[in-house]
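Reproduced below: model-v6.cif, with mmCIF, C-alpha atoms and all ligand atoms.
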data_input
loop_
_atom_site.group_PDB
_atom_site.id
_atom_site.type_symbol
_atom_site.label_atom_id
_atom_site.label_comp_id
_atom_site.auth_asym_id
_atom_site.auth_seq_id
_atom_site.Cartn_x
_atom_site.Cartn_y
_atom_site.Cartn_z
ATOM 1 C CA MET G 1 0.000 0.000 0.000
ATOM 2 C CA GLY G 2 1.338 3.432 -0.970
ATOM 3 C CA ILE G 3 1.829 6.418 1.312
ATOM 4 C CA ILE G 4 -1.377 8.353 1.789
ATOM 5 C CA MET G 5 -0.668 12.032 1.325
ATOM 6 C CA ASP G 6 -2.596 13.761 4.071
ATOM 7 C CA GLY G 7 -3.870 17.120 2.788
ATOM 8 C CA LYS G 8 -5.379 17.979 6.148
ATOM 9 C CA LYS G 9 -2.021 17.614 7.862
ATOM 10 C CA VAL G 10 -0.242 19.725 5.234
ATOM 11 C CA ALA G 11 -3.000 22.340 5.517
ATOM 12 C CA GLU G 12 -2.629 22.474 9.311
ATOM 13 C CA LYS G 13 1.107 23.009 8.907
ATOM 14 C CA THR G 14 0.375 25.822 6.447
ATOM 15 C CA TYR G 15 -2.010 27.485 8.916
ATOM 16 C CA GLU G 16 0.696 27.459 11.599
ATOM 17 C CA ASP G 17 3.027 29.297 9.219
ATOM 18 C CA LEU G 18 0.289 31.718 8.213
ATOM 19 C CA GLU G 19 -0.500 32.600 11.822
ATOM 20 C CA VAL G 20 2.953 34.114 12.253
ATOM 21 C CA ARG G 21 2.431 36.267 9.176
ATOM 22 C CA ILE G 22 -1.069 37.300 10.245
ATOM 23 C CA ASN G 23 0.264 38.428 13.624
ATOM 24 C CA LYS G 24 2.996 40.445 11.972
ATOM 25 C CA LEU G 25 0.412 42.294 9.878
ATOM 26 C CA LYS G 26 -1.712 42.879 12.969
ATOM 27 C CA GLU G 27 1.259 44.451 14.748
ATOM 28 C CA ASN G 28 1.124 46.971 11.912
ATOM 29 C CA ASN G 29 -2.632 47.420 12.370
ATOM 30 C CA ILE G 30 -3.494 45.543 9.195
ATOM 31 C CA ILE G 31 -6.209 42.913 9.213
ATOM 32 C CA PRO G 32 -6.073 40.904 5.985
ATOM 33 C CA MET G 33 -9.489 40.954 4.413
ATOM 34 C CA LEU G 34 -11.150 38.802 1.765
ATOM 35 C CA ALA G 35 -14.311 39.748 -0.121
ATOM 36 C CA VAL G 36 -16.296 36.923 -1.699
ATOM 37 C CA VAL G 37 -18.904 37.736 -4.322
ATOM 38 C CA ILE G 38 -21.561 35.098 -4.872
ATOM 39 C CA VAL G 39 -24.264 35.334 -7.518
ATOM 40 C CA GLY G 40 -27.486 33.315 -7.199
ATOM 41 C CA ASN G 41 -28.413 30.408 -4.944
ATOM 42 C CA ASP G 42 -26.322 27.477 -6.166
ATOM 43 C CA GLU G 43 -26.246 25.168 -3.155
ATOM 44 C CA ALA G 44 -22.691 23.849 -3.571
ATOM 45 C CA SER G 45 -21.391 27.411 -4.049
ATOM 46 C CA GLN G 46 -23.154 28.533 -0.866
ATOM 47 C CA VAL G 47 -21.410 25.734 1.052
ATOM 48 C CA TYR G 48 -18.006 26.636 -0.440
ATOM 49 C CA VAL G 49 -18.483 30.303 0.444
ATOM 50 C CA ARG G 50 -19.534 29.461 4.013
ATOM 51 C CA ASN G 51 -16.449 27.240 4.418
ATOM 52 C CA LYS G 52 -14.161 29.986 3.184
ATOM 53 C CA ALA G 53 -15.736 32.517 5.571
ATOM 54 C CA LYS G 54 -15.416 30.035 8.462
ATOM 55 C CA MET G 55 -11.734 29.469 7.747
ATOM 56 C CA CYS G 56 -11.144 33.241 7.608
ATOM 57 C CA GLU G 57 -12.814 33.552 11.008
ATOM 58 C CA LYS G 58 -10.703 30.754 12.460
ATOM 59 C CA LEU G 59 -7.489 32.454 11.319
ATOM 60 C CA GLN G 60 -8.779 35.904 12.233
ATOM 61 C CA ILE G 61 -8.694 37.051 8.648
ATOM 62 C CA GLY G 62 -11.547 39.433 7.890
ATOM 63 C CA SER G 63 -14.152 38.364 5.369
ATOM 64 C CA LYS G 64 -17.091 39.966 3.680
ATOM 65 C CA VAL G 65 -19.622 38.069 1.582
ATOM 66 C CA ILE G 66 -21.527 40.006 -1.055
ATOM 67 C CA GLU G 67 -24.612 38.113 -2.173
ATOM 68 C CA CYS G 68 -26.085 39.117 -5.518
ATOM 69 C CA GLU G 69 -29.378 38.200 -7.153
ATOM 70 C CA GLU G 70 -29.210 35.478 -9.808
ATOM 71 C CA ASN G 71 -30.355 37.950 -12.501
ATOM 72 C CA ILE G 72 -27.868 40.721 -11.687
ATOM 73 C CA SER G 73 -26.700 42.550 -14.812
ATOM 74 C CA GLU G 74 -23.088 42.598 -15.929
ATOM 75 C CA LYS G 75 -23.004 46.363 -15.325
ATOM 76 C CA GLU G 76 -24.249 46.049 -11.751
ATOM 77 C CA LEU G 77 -21.757 43.296 -10.974
ATOM 78 C CA GLU G 78 -18.977 45.294 -12.559
ATOM 79 C CA LYS G 79 -19.782 48.226 -10.249
ATOM 80 C CA ILE G 80 -19.684 45.967 -7.151
ATOM 81 C CA ILE G 81 -16.270 44.569 -8.132
ATOM 82 C CA LYS G 82 -14.841 47.979 -8.993
ATOM 83 C CA ASP G 83 -15.954 49.325 -5.601
ATOM 84 C CA LEU G 84 -14.129 46.396 -3.956
ATOM 85 C CA ASN G 85 -11.043 47.126 -6.077
ATOM 86 C CA ASN G 86 -11.083 50.680 -4.734
ATOM 87 C CA ASP G 87 -11.714 49.719 -1.105
ATOM 88 C CA GLN G 88 -8.355 49.897 0.708
ATOM 89 C CA ASN G 89 -9.555 47.629 3.508
ATOM 90 C CA ILE G 90 -10.158 44.743 1.100
ATOM 91 C CA HIS G 91 -6.997 42.855 0.091
ATOM 92 C CA GLY G 92 -8.398 39.877 -1.811
ATOM 93 C CA ILE G 93 -11.465 39.450 -4.018
ATOM 94 C CA LEU G 94 -12.924 36.130 -5.067
ATOM 95 C CA ILE G 95 -15.827 35.705 -7.477
ATOM 96 C CA GLN G 96 -17.445 32.376 -6.647
ATOM 97 C CA ALA G 97 -17.795 30.196 -9.762
ATOM 98 C CA PRO G 98 -19.857 29.081 -11.541
ATOM 99 C CA LEU G 99 -21.573 32.320 -12.515
ATOM 100 C CA PRO G 100 -25.038 32.256 -14.122
ATOM 101 C CA LYS G 101 -24.945 31.712 -17.880
ATOM 102 C CA HIS G 102 -25.917 35.294 -18.835
ATOM 103 C CA LEU G 103 -22.622 36.520 -17.355
ATOM 104 C CA ASP G 104 -19.300 36.189 -19.169
ATOM 105 C CA SER G 105 -17.112 34.646 -16.447
ATOM 106 C CA LEU G 106 -13.767 35.510 -18.012
ATOM 107 C CA LYS G 107 -14.827 39.117 -18.462
ATOM 108 C CA ILE G 108 -16.057 39.295 -14.856
ATOM 109 C CA PHE G 109 -12.878 37.692 -13.421
ATOM 110 C CA ASP G 110 -10.879 40.220 -15.386
ATOM 111 C CA ILE G 111 -12.530 43.171 -13.644
ATOM 112 C CA VAL G 112 -10.872 42.145 -10.366
ATOM 113 C CA SER G 113 -7.655 44.140 -10.029
ATOM 114 C CA LYS G 114 -4.566 41.980 -10.507
ATOM 115 C CA GLU G 115 -3.308 42.857 -7.006
ATOM 116 C CA LYS G 116 -6.500 41.496 -5.397
ATOM 117 C CA ASP G 117 -7.085 38.515 -7.705
ATOM 118 C CA VAL G 118 -6.420 35.839 -5.051
ATOM 119 C CA ASP G 119 -7.935 33.122 -7.262
ATOM 120 C CA GLY G 120 -5.412 33.884 -10.004
ATOM 121 C CA PHE G 121 -8.116 33.768 -12.673
ATOM 122 C CA ASN G 122 -7.736 37.123 -14.370
ATOM 123 C CA ILE G 123 -5.878 37.422 -17.638
ATOM 124 C CA TYR G 124 -2.853 39.163 -16.108
ATOM 125 C CA ASN G 125 -2.255 36.421 -13.546
ATOM 126 C CA VAL G 126 -2.918 33.641 -16.065
ATOM 127 C CA GLY G 127 -0.315 35.267 -18.320
ATOM 128 C CA ALA G 128 2.144 35.780 -15.454
ATOM 129 C CA LEU G 129 1.973 32.092 -14.533
ATOM 130 C CA SER G 130 2.467 31.027 -18.122
ATOM 131 C CA LEU G 131 5.479 33.353 -18.453
ATOM 132 C CA ASN G 132 6.878 32.230 -15.066
ATOM 133 C CA LYS G 133 6.551 35.752 -13.672
ATOM 134 C CA GLU G 134 5.315 36.759 -10.243
ATOM 135 C CA GLY G 135 1.543 36.753 -9.800
ATOM 136 C CA PHE G 136 -1.243 34.883 -8.053
ATOM 137 C CA ILE G 137 -1.304 31.148 -8.742
ATOM 138 C CA PRO G 138 -4.729 29.408 -8.613
ATOM 139 C CA CYS G 139 -5.296 27.894 -5.159
ATOM 140 C CA THR G 140 -5.794 24.281 -6.266
ATOM 141 C CA VAL G 141 -2.586 24.340 -8.319
ATOM 142 C CA LYS G 142 -0.666 25.786 -5.383
ATOM 143 C CA GLY G 143 -2.228 23.205 -3.085
ATOM 144 C CA ILE G 144 -1.083 20.319 -5.278
ATOM 145 C CA ILE G 145 2.445 21.715 -5.416
ATOM 146 C CA LYS G 146 2.565 22.156 -1.627
ATOM 147 C CA ILE G 147 1.504 18.538 -1.078
ATOM 148 C CA LEU G 148 4.215 17.307 -3.460
ATOM 149 C CA GLU G 149 6.812 19.480 -1.719
ATOM 150 C CA TYR G 150 5.743 18.309 1.732
ATOM 151 C CA TYR G 151 6.279 14.694 0.699
ATOM 152 C CA ASN G 152 9.619 15.558 -0.953
ATOM 153 C CA ILE G 153 8.473 14.679 -4.434
ATOM 154 C CA ASN G 154 10.600 16.540 -6.935
ATOM 155 C CA VAL G 155 8.995 17.318 -10.307
ATOM 156 C CA THR G 156 12.204 18.060 -12.234
ATOM 157 C CA SER G 157 12.578 15.751 -15.252
ATOM 158 C CA LYS G 158 9.525 13.730 -14.199
ATOM 159 C CA ASN G 159 6.956 12.550 -16.688
ATOM 160 C CA ILE G 160 3.758 14.150 -15.428
ATOM 161 C CA VAL G 161 0.368 13.381 -16.933
ATOM 162 C CA ILE G 162 -2.569 15.635 -16.099
ATOM 163 C CA ILE G 163 -6.090 14.495 -16.972
ATOM 164 C CA GLY G 164 -8.272 17.589 -17.416
ATOM 165 C CA ARG G 165 -7.581 20.844 -19.285
ATOM 166 C CA SER G 166 -9.759 23.348 -17.404
ATOM 167 C CA ASN G 167 -8.722 26.968 -16.961
ATOM 168 C CA ILE G 168 -8.727 26.593 -13.177
ATOM 169 C CA VAL G 169 -6.802 23.331 -12.734
ATOM 170 C CA GLY G 170 -5.367 21.484 -15.739
ATOM 171 C CA LYS G 171 -3.974 24.363 -17.793
ATOM 172 C CA PRO G 172 -2.425 26.453 -14.981
ATOM 173 C CA LEU G 173 -1.003 23.298 -13.405
ATOM 174 C CA ALA G 174 0.599 22.323 -16.706
ATOM 175 C CA ASN G 175 2.152 25.779 -17.009
ATOM 176 C CA TYR G 176 3.527 25.660 -13.493
ATOM 177 C CA LEU G 177 5.022 22.210 -13.952
ATOM 178 C CA ILE G 178 6.584 22.981 -17.341
ATOM 179 C CA ASN G 179 8.198 26.047 -15.766
ATOM 180 C CA HIS G 180 9.574 23.751 -13.072
ATOM 181 C CA ASN G 181 11.232 21.392 -15.519
ATOM 182 C CA ALA G 182 8.731 18.548 -15.634
ATOM 183 C CA THR G 183 7.768 16.908 -18.918
ATOM 184 C CA VAL G 184 4.020 17.413 -19.015
ATOM 185 C CA THR G 185 1.251 15.742 -21.014
ATOM 186 C CA VAL G 186 -2.295 17.078 -20.736
ATOM 187 C CA CYS G 187 -5.160 14.698 -21.537
ATOM 188 C CA HIS G 188 -8.870 15.452 -21.772
ATOM 189 C CA SER G 189 -12.215 14.013 -22.798
ATOM 190 C CA LYS G 190 -11.162 13.750 -26.458
ATOM 191 C CA THR G 191 -7.861 12.010 -25.767
ATOM 192 C CA SER G 192 -7.681 8.593 -27.352
ATOM 193 C CA ASN G 193 -6.077 5.636 -25.602
ATOM 194 C CA LEU G 194 -6.012 7.495 -22.317
ATOM 195 C CA SER G 195 -4.651 4.648 -20.233
ATOM 196 C CA ASP G 196 -1.697 4.140 -22.637
ATOM 197 C CA ILE G 197 -0.644 7.703 -21.827
ATOM 198 C CA THR G 198 -1.402 7.708 -18.104
ATOM 199 C CA LYS G 199 0.601 4.500 -17.653
ATOM 200 C CA GLN G 200 3.736 6.441 -18.663
ATOM 201 C CA ALA G 201 3.355 8.884 -15.784
ATOM 202 C CA ASP G 202 5.749 9.147 -12.866
ATOM 203 C CA ILE G 203 3.192 11.544 -11.418
ATOM 204 C CA LEU G 204 -0.442 11.255 -12.482
ATOM 205 C CA ILE G 205 -2.873 14.057 -11.636
ATOM 206 C CA SER G 206 -6.565 13.644 -12.363
ATOM 207 C CA ALA G 207 -8.942 16.633 -12.396
ATOM 208 C CA THR G 208 -11.985 15.595 -14.385
ATOM 209 C CA GLY G 209 -15.038 15.167 -12.163
ATOM 210 C CA THR G 210 -15.534 11.593 -13.432
ATOM 211 C CA ALA G 211 -15.766 9.113 -10.595
ATOM 212 C CA ASN G 212 -13.779 5.894 -10.945
ATOM 213 C CA LEU G 213 -12.010 7.054 -14.126
ATOM 214 C CA VAL G 214 -8.509 6.134 -12.990
ATOM 215 C CA LYS G 215 -8.268 2.426 -12.302
ATOM 216 C CA LYS G 216 -5.352 0.180 -11.529
ATOM 217 C CA ASP G 217 -4.539 -0.425 -15.201
ATOM 218 C CA TYR G 218 -4.166 3.349 -15.766
ATOM 219 C CA VAL G 219 -1.248 3.629 -13.353
ATOM 220 C CA LYS G 220 2.420 2.623 -13.507
ATOM 221 C CA LYS G 221 3.630 0.727 -10.450
ATOM 222 C CA GLY G 222 5.273 3.153 -8.026
ATOM 223 C CA ALA G 223 3.704 6.278 -9.538
ATOM 224 C CA VAL G 224 2.560 9.244 -7.459
ATOM 225 C CA VAL G 225 -1.184 9.803 -7.878
ATOM 226 C CA ILE G 226 -2.968 13.061 -7.093
ATOM 227 C CA ASP G 227 -6.757 13.036 -7.179
ATOM 228 C CA VAL G 228 -8.313 16.474 -7.612
ATOM 229 C CA GLY G 229 -11.803 15.288 -8.527
ATOM 230 C CA ILE G 230 -14.778 15.802 -6.239
ATOM 231 C CA ASN G 231 -17.700 13.543 -7.068
ATOM 232 C CA ARG G 232 -20.703 12.148 -5.287
ATOM 233 C CA ASN G 233 -21.304 8.438 -5.613
ATOM 234 C CA ASN G 234 -24.438 7.218 -3.815
ATOM 235 C CA ASN G 235 -24.215 10.310 -1.628
ATOM 236 C CA LYS G 236 -20.601 9.499 -0.727
ATOM 237 C CA LEU G 237 -17.780 11.851 -1.616
ATOM 238 C CA CYS G 238 -15.143 10.375 -3.916
ATOM 239 C CA GLY G 239 -12.480 11.477 -6.373
ATOM 240 C CA ASP G 240 -11.662 10.446 -9.962
ATOM 241 C CA VAL G 241 -9.401 7.647 -8.796
ATOM 242 C CA ASN G 242 -10.424 4.187 -7.665
ATOM 243 C CA PHE G 243 -8.591 4.569 -4.378
ATOM 244 C CA GLU G 244 -8.868 0.962 -3.255
ATOM 245 C CA GLU G 245 -7.247 -0.418 -6.415
ATOM 246 C CA VAL G 246 -4.751 2.328 -7.156
ATOM 247 C CA SER G 247 -3.423 2.726 -3.599
ATOM 248 C CA GLU G 248 -2.153 -0.841 -3.922
ATOM 249 C CA ILE G 249 0.327 0.072 -6.660
ATOM 250 C CA ALA G 250 0.985 3.812 -6.228
ATOM 251 C CA SER G 251 3.975 4.928 -4.164
ATOM 252 C CA HIS G 252 1.971 7.944 -2.918
ATOM 253 C CA ILE G 253 -1.687 8.840 -3.299
ATOM 254 C CA THR G 254 -4.070 11.589 -2.132
ATOM 255 C CA PRO G 255 -7.420 10.521 -0.680
ATOM 256 C CA VAL G 256 -10.796 12.176 -1.338
ATOM 257 C CA PRO G 257 -11.864 13.710 0.950
ATOM 258 C CA GLY G 258 -8.793 14.863 2.862
ATOM 259 C CA GLY G 259 -6.321 15.338 0.008
ATOM 260 C CA VAL G 260 -6.282 18.296 -2.365
ATOM 261 C CA GLY G 261 -9.536 19.830 -1.016
ATOM 262 C CA PRO G 262 -8.181 21.092 2.332
ATOM 263 C CA MET G 263 -5.101 22.442 0.547
ATOM 264 C CA THR G 264 -7.149 24.534 -1.879
ATOM 265 C CA ILE G 265 -8.714 26.519 0.944
ATOM 266 C CA ALA G 266 -5.384 26.800 2.780
ATOM 267 C CA MET G 267 -3.821 28.279 -0.349
ATOM 268 C CA LEU G 268 -6.665 30.761 -0.675
ATOM 269 C CA MET G 269 -5.837 31.972 2.831
ATOM 270 C CA GLU G 270 -2.162 32.173 1.869
ATOM 271 C CA ASN G 271 -2.991 34.183 -1.241
ATOM 272 C CA VAL G 272 -5.084 36.635 0.817
ATOM 273 C CA LEU G 273 -2.113 37.134 3.125
ATOM 274 C CA GLU G 274 0.221 37.588 0.173
ATOM 275 C CA ALA G 275 -2.160 40.210 -1.193
ATOM 276 C CA ALA G 276 -2.285 42.047 2.144
ATOM 277 C CA GLU G 277 1.516 41.964 2.518
ATOM 278 C CA MET G 278 2.018 43.196 -1.035
ATOM 279 C CA GLN G 279 -0.497 46.007 -0.717
ATOM 280 C CA ARG G 280 1.154 47.111 2.533
ATOM 281 C CA LYS G 281 4.379 47.677 0.598
HETATM 282 P P1 LIG N 1 -14.078 21.050 -15.736
HETATM 283 O O1 LIG N 1 -15.389 20.398 -15.904
HETATM 284 O O2 LIG N 1 -13.914 22.488 -16.055
HETATM 285 O O3 LIG N 1 -12.986 20.236 -16.577
HETATM 286 C C1 LIG N 1 -12.944 18.852 -16.583
HETATM 287 C C2 LIG N 1 -11.856 18.397 -17.499
HETATM 288 O O4 LIG N 1 -11.777 16.983 -17.444
HETATM 289 C C3 LIG N 1 -12.088 18.762 -18.960
HETATM 290 O O5 LIG N 1 -10.885 19.238 -19.517
HETATM 291 C C4 LIG N 1 -12.511 17.439 -19.620
HETATM 292 O O6 LIG N 1 -12.068 17.351 -20.966
HETATM 293 C C5 LIG N 1 -11.804 16.414 -18.742
HETATM 294 N N1 LIG N 1 -12.555 15.156 -18.671
HETATM 295 C C6 LIG N 1 -13.815 14.971 -18.215
HETATM 296 N N2 LIG N 1 -14.153 13.665 -18.286
HETATM 297 C C7 LIG N 1 -13.079 13.012 -18.804
HETATM 298 C C8 LIG N 1 -12.808 11.665 -19.125
HETATM 299 N N3 LIG N 1 -13.730 10.719 -18.938
HETATM 300 N N4 LIG N 1 -11.592 11.356 -19.628
HETATM 301 C C9 LIG N 1 -10.651 12.308 -19.820
HETATM 302 N N5 LIG N 1 -10.861 13.611 -19.533
HETATM 303 C C10 LIG N 1 -12.064 13.968 -19.044
HETATM 304 O O7 LIG N 1 -13.663 20.741 -14.240
HETATM 305 P P2 LIG N 1 -12.665 21.460 -13.202
HETATM 306 O O8 LIG N 1 -13.275 22.714 -12.753
HETATM 307 O O9 LIG N 1 -11.270 21.439 -13.713
HETATM 308 O O10 LIG N 1 -12.747 20.403 -12.012
HETATM 309 C C11 LIG N 1 -12.417 19.042 -12.206
HETATM 310 C C12 LIG N 1 -12.751 18.258 -10.972
HETATM 311 O O11 LIG N 1 -11.953 18.743 -9.908
HETATM 312 C C13 LIG N 1 -14.177 18.395 -10.478
HETATM 313 O O12 LIG N 1 -14.571 17.207 -9.868
HETATM 314 C C14 LIG N 1 -14.093 19.494 -9.443
HETATM 315 O O13 LIG N 1 -15.134 19.393 -8.468
HETATM 316 C C15 LIG N 1 -12.765 19.180 -8.843
HETATM 317 N N6 LIG N 1 -12.089 20.307 -8.215
HETATM 318 C C16 LIG N 1 -11.600 20.068 -6.985
HETATM 319 C C17 LIG N 1 -10.919 21.060 -6.343
HETATM 320 C C18 LIG N 1 -10.364 20.754 -4.987
HETATM 321 O O14 LIG N 1 -10.053 21.659 -4.259
HETATM 322 N N7 LIG N 1 -10.196 19.504 -4.628
HETATM 323 C C19 LIG N 1 -10.751 22.310 -6.934
HETATM 324 C C20 LIG N 1 -11.219 22.516 -8.226
HETATM 325 C C21 LIG N 1 -11.899 21.483 -8.861
#

So, in terms of structure tokens, how does the structure I just supplied come out?
Amino acid sequence: MGIIMDGKKVAEKTYEDLEVRINKLKENNIIPMLAVVIVGNDEASQVYVRNKAKMCEKLQIGSKVIECEENISEKELEKIIKDLNNDQNIHGILIQAPLPKHLDSLKIFDIVSKEKDVDGFNIYNVGALSLNKEGFIPCTVKGIIKILEYYNINVTSKNIVIIGRSNIVGKPLANYLINHNATVTVCHSKTSNLSDITKQADILISATGTANLVKKDYVKKGAVVIDVGINRNNNKLCGDVNFEEVSEIASHITPVPGGVGPMTIAMLMENVLEAAEMQRK
């Protein structure tokens, strides 16, 4: 059985480090502050937003949730975001996805000023990551990297296969890893012979939202397997990976829940702190 990479433990360690930084800011009378904008009543989004606010409270980071009607116009939403951009007490802004269909998500994300874009979704930060320049890195990507670092897994010269090419996970993760000297292959729903490719991976990362996609015969013996997926199977939370089978042959594996999920929220907190520290300068 492979080593189970414990995202909760790595997140707790991160919070300890963050506490020191939060106290330092407080000594300078700065309370880091996150604003979360949520549009409509999507149940899962409401839960995510509540969890983020709870974590802020626990760390004594300020948070403000702005709830908008489902049918808000682009203009009205733009005004809300611009006001947050101009509010000196707000250091980070997060627009909870998914947005209703009548809104152009990319355009909305891009209204957030690059200094407050703690999700790393606006075009500046996407570009900065791709060019290996300083900017905000999406929280899930950062969380995956932190887990690998914690378990001393070096990505240099490794064959890394990512399943999933979304703008929030697959693509930014590929950019990060290429910039850190990994050899990266990105697969997606139109990839043929998926398992032939995934079997080549030293590190296999699945971010698809398809339960039980990655089975034993998709994985090389001794590979590191990171499961980003969050799925519900008969009301039970599971990832993309068949944990029972794959944990038998992987050298390291993340569970769901308790793997990448806790790290994503920890990295959001870290990004809010980074934003507050940067804006202080
Ligand atoms: P998405 O729907 O935007 O993208 C899914 C990607 O997976 C697409 O590129 C698609 O081509 C690919 N894909 C889907 N089914 C496939 C299949 N059968 N074979 C090969 N490729 C396939 O999703 P997303 O926003 O990137 O999220 C992916 C999953 O990760 C979801 O389950 C989501 O809930 C989860 N997620 C988890 C965290 C976390 O913190 N743990 C954060 C973000 C997303």

Which residue, G:Leu77, G:Met267, G:Leu237, G:Ile162, has the smallest gap to G:His188 when you use all atoms listed in the file?
G:Ile162

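Here the question is which of G:Gly40, G:Pro98, G:Gly2, G:Gly7 gets nearest to G:Val228 using all atoms listed in the file, and that residue is G:Gly7.
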
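Atom CA of G:Pro257 is found 23.5 Å from atom CA of G:Cys187.
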
List as a short mmCIF file (atom, residue, chain, number, x, y, z; two decimals) with C-alpha atoms, in the frame of the given file: which residues have an atom within 10 Å of (-5.7, 39.5, -21.8), counting only C-alpha atoms?
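As a result, out-v9.cif now contains:
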data_model
loop_
_atom_site.label_atom_id
_atom_site.label_comp_id
_atom_site.auth_asym_id
_atom_site.auth_seq_id
_atom_site.Cartn_x
_atom_site.Cartn_y
_atom_site.Cartn_z
CA LEU G 106 -13.77 35.51 -18.01
CA LYS G 107 -14.83 39.12 -18.46
CA ASP G 110 -10.88 40.22 -15.39
CA ASN G 122 -7.74 37.12 -14.37
CA ILE G 123 -5.88 37.42 -17.64
CA TYR G 124 -2.85 39.16 -16.11
CA ASN G 125 -2.26 36.42 -13.55
CA VAL G 126 -2.92 33.64 -16.07
CA GLY G 127 -0.32 35.27 -18.32
#

Could you list, as a PyMOL selection string, all the residues within 7 Å of ligand LIG 1 (chain N), counting only C-alpha atoms and all ligand atoms?
chain G and resi 140+163-170+187-191+207-210+213+228-231+260-264

Write out as a JSON list (two decimals) with C-alpha atoms, in the coordinates of the input each polymer residue whose atoms come within 12 Å of G:Ile80, counting only C-alpha atoms; drop sequence neighbours fewer than 2 positions from it.
[["chain", "number", "residue", "atom", "x", "y", "z"],
["G", 35, "ALA", "CA", -14.31, 39.75, -0.12],
["G", 36, "VAL", "CA", -16.30, 36.92, -1.70],
["G", 37, "VAL", "CA", -18.90, 37.74, -4.32],
["G", 38, "ILE", "CA", -21.56, 35.10, -4.87],
["G", 39, "VAL", "CA", -24.26, 35.33, -7.52],
["G", 65, "VAL", "CA", -19.62, 38.07, 1.58],
["G", 66, "ILE", "CA", -21.53, 40.01, -1.06],
["G", 67, "GLU", "CA", -24.61, 38.11, -2.17],
["G", 68, "CYS", "CA", -26.08, 39.12, -5.52],
["G", 72, "ILE", "CA", -27.87, 40.72, -11.69],
["G", 73, "SER", "CA", -26.70, 42.55, -14.81],
["G", 74, "GLU", "CA", -23.09, 42.60, -15.93],
["G", 75, "LYS", "CA", -23.00, 46.36, -15.32],
["G", 76, "GLU", "CA", -24.25, 46.05, -11.75],
["G", 77, "LEU", "CA", -21.76, 43.30, -10.97],
["G", 78, "GLU", "CA", -18.98, 45.29, -12.56],
["G", 82, "LYS", "CA", -14.84, 47.98, -8.99],
["G", 83, "ASP", "CA", -15.95, 49.32, -5.60],
["G", 84, "LEU", "CA", -14.13, 46.40, -3.96],
["G", 85, "ASN", "CA", -11.04, 47.13, -6.08],
["G", 86, "ASN", "CA", -11.08, 50.68, -4.73],
["G", 87, "ASP", "CA", -11.71, 49.72, -1.10],
["G", 93, "ILE", "CA", -11.46, 39.45, -4.02],
["G", 95, "ILE", "CA", -15.83, 35.70, -7.48],
["G", 108, "ILE", "CA", -16.06, 39.30, -14.86],
["G", 111, "ILE", "CA", -12.53, 43.17, -13.64],
["G", 112, "VAL", "CA", -10.87, 42.14, -10.37]]

Mind working out the centre and edge lengths of an axis-aligned box for stretch 20-39 of chain G, all listed atoms inside, 3 Å added to each side, rounded to one decimal in Å and written as lines of an AutoDock Vina configuration file?
center_x = -10.6
center_y = 40.8
center_z = 3.6
size_x = 33.3
size_y = 19.3
size_z = 28.3

Residue contacts of G:Lys9 (10 Å, all atoms listed in the file) excluding same-chain residues fewer than 5 positions away, as a compact mmCIF listing (two decimals) with C-alpha atoms, in the frame of the given file:
# COMPACT_ATOMS: atom_id res chain seq x y z
CA THR G 14 0.38 25.82 6.45
CA TYR G 15 -2.01 27.48 8.92
CA ILE G 147 1.50 18.54 -1.08
CA TYR G 150 5.74 18.31 1.73
CA GLY G 258 -8.79 14.86 2.86
CA GLY G 259 -6.32 15.34 0.01
CA PRO G 262 -8.18 21.09 2.33
CA MET G 263 -5.10 22.44 0.55

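Atom CA of G:Leu59 lies 23.6 Å from atom CA of G:Ala97.
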
Here's the selection I'm unsure about, the PyMOL selection byres (((chain G and resi 281) around 12) and not hetatm); applied to the file above, which residues does it give, as a PyMOL selection string?
chain G and resi 25+28+30+115+274-280

What separates atom CA of G:Asn159 and atom CA of G:Val10 is a distance of 24.2 Å

Give me the result of the PyMOL selection byres (((chain G and resi 176) around 10) and not hetatm) on this file, residue by residue, as a list of chain:residue names.
G:Leu129, G:Ser130, G:Leu131, G:Asn132, G:Ile137, G:Val141, G:Lys142, G:Ile145, G:Lys171, G:Pro172, G:Leu173, G:Ala174, G:Asn175, G:Leu177, G:Ile178, G:Asn179, G:His180, G:Asn181, G:Ala182, G:Val184

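When all atoms listed in the file are used to measure the gap to G:Ile253, the shortest distance among G:Asn212, G:Ala44, G:Lys220, G:Leu204 belongs to G:Leu204.
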
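The closest residue to G:Phe136, picked from G:Lys116, G:Ile31, G:Val49, G:Ile153 and counting all atoms listed in the file, is G:Lys116.
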
Spatial neighbours of G:Ala201, 12 Å, all atoms listed in the file, chain gap at least 4 places, as an MDAnalysis selection string:
chainID G and resid 155 157:163 182:187 194:197 205:206 218:226 250

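With distances restricted to all atoms listed in the file, G:Ile4 is the closest residue to G:Thr254 from G:Ala53, G:Val118, G:Leu273, G:Ile4.
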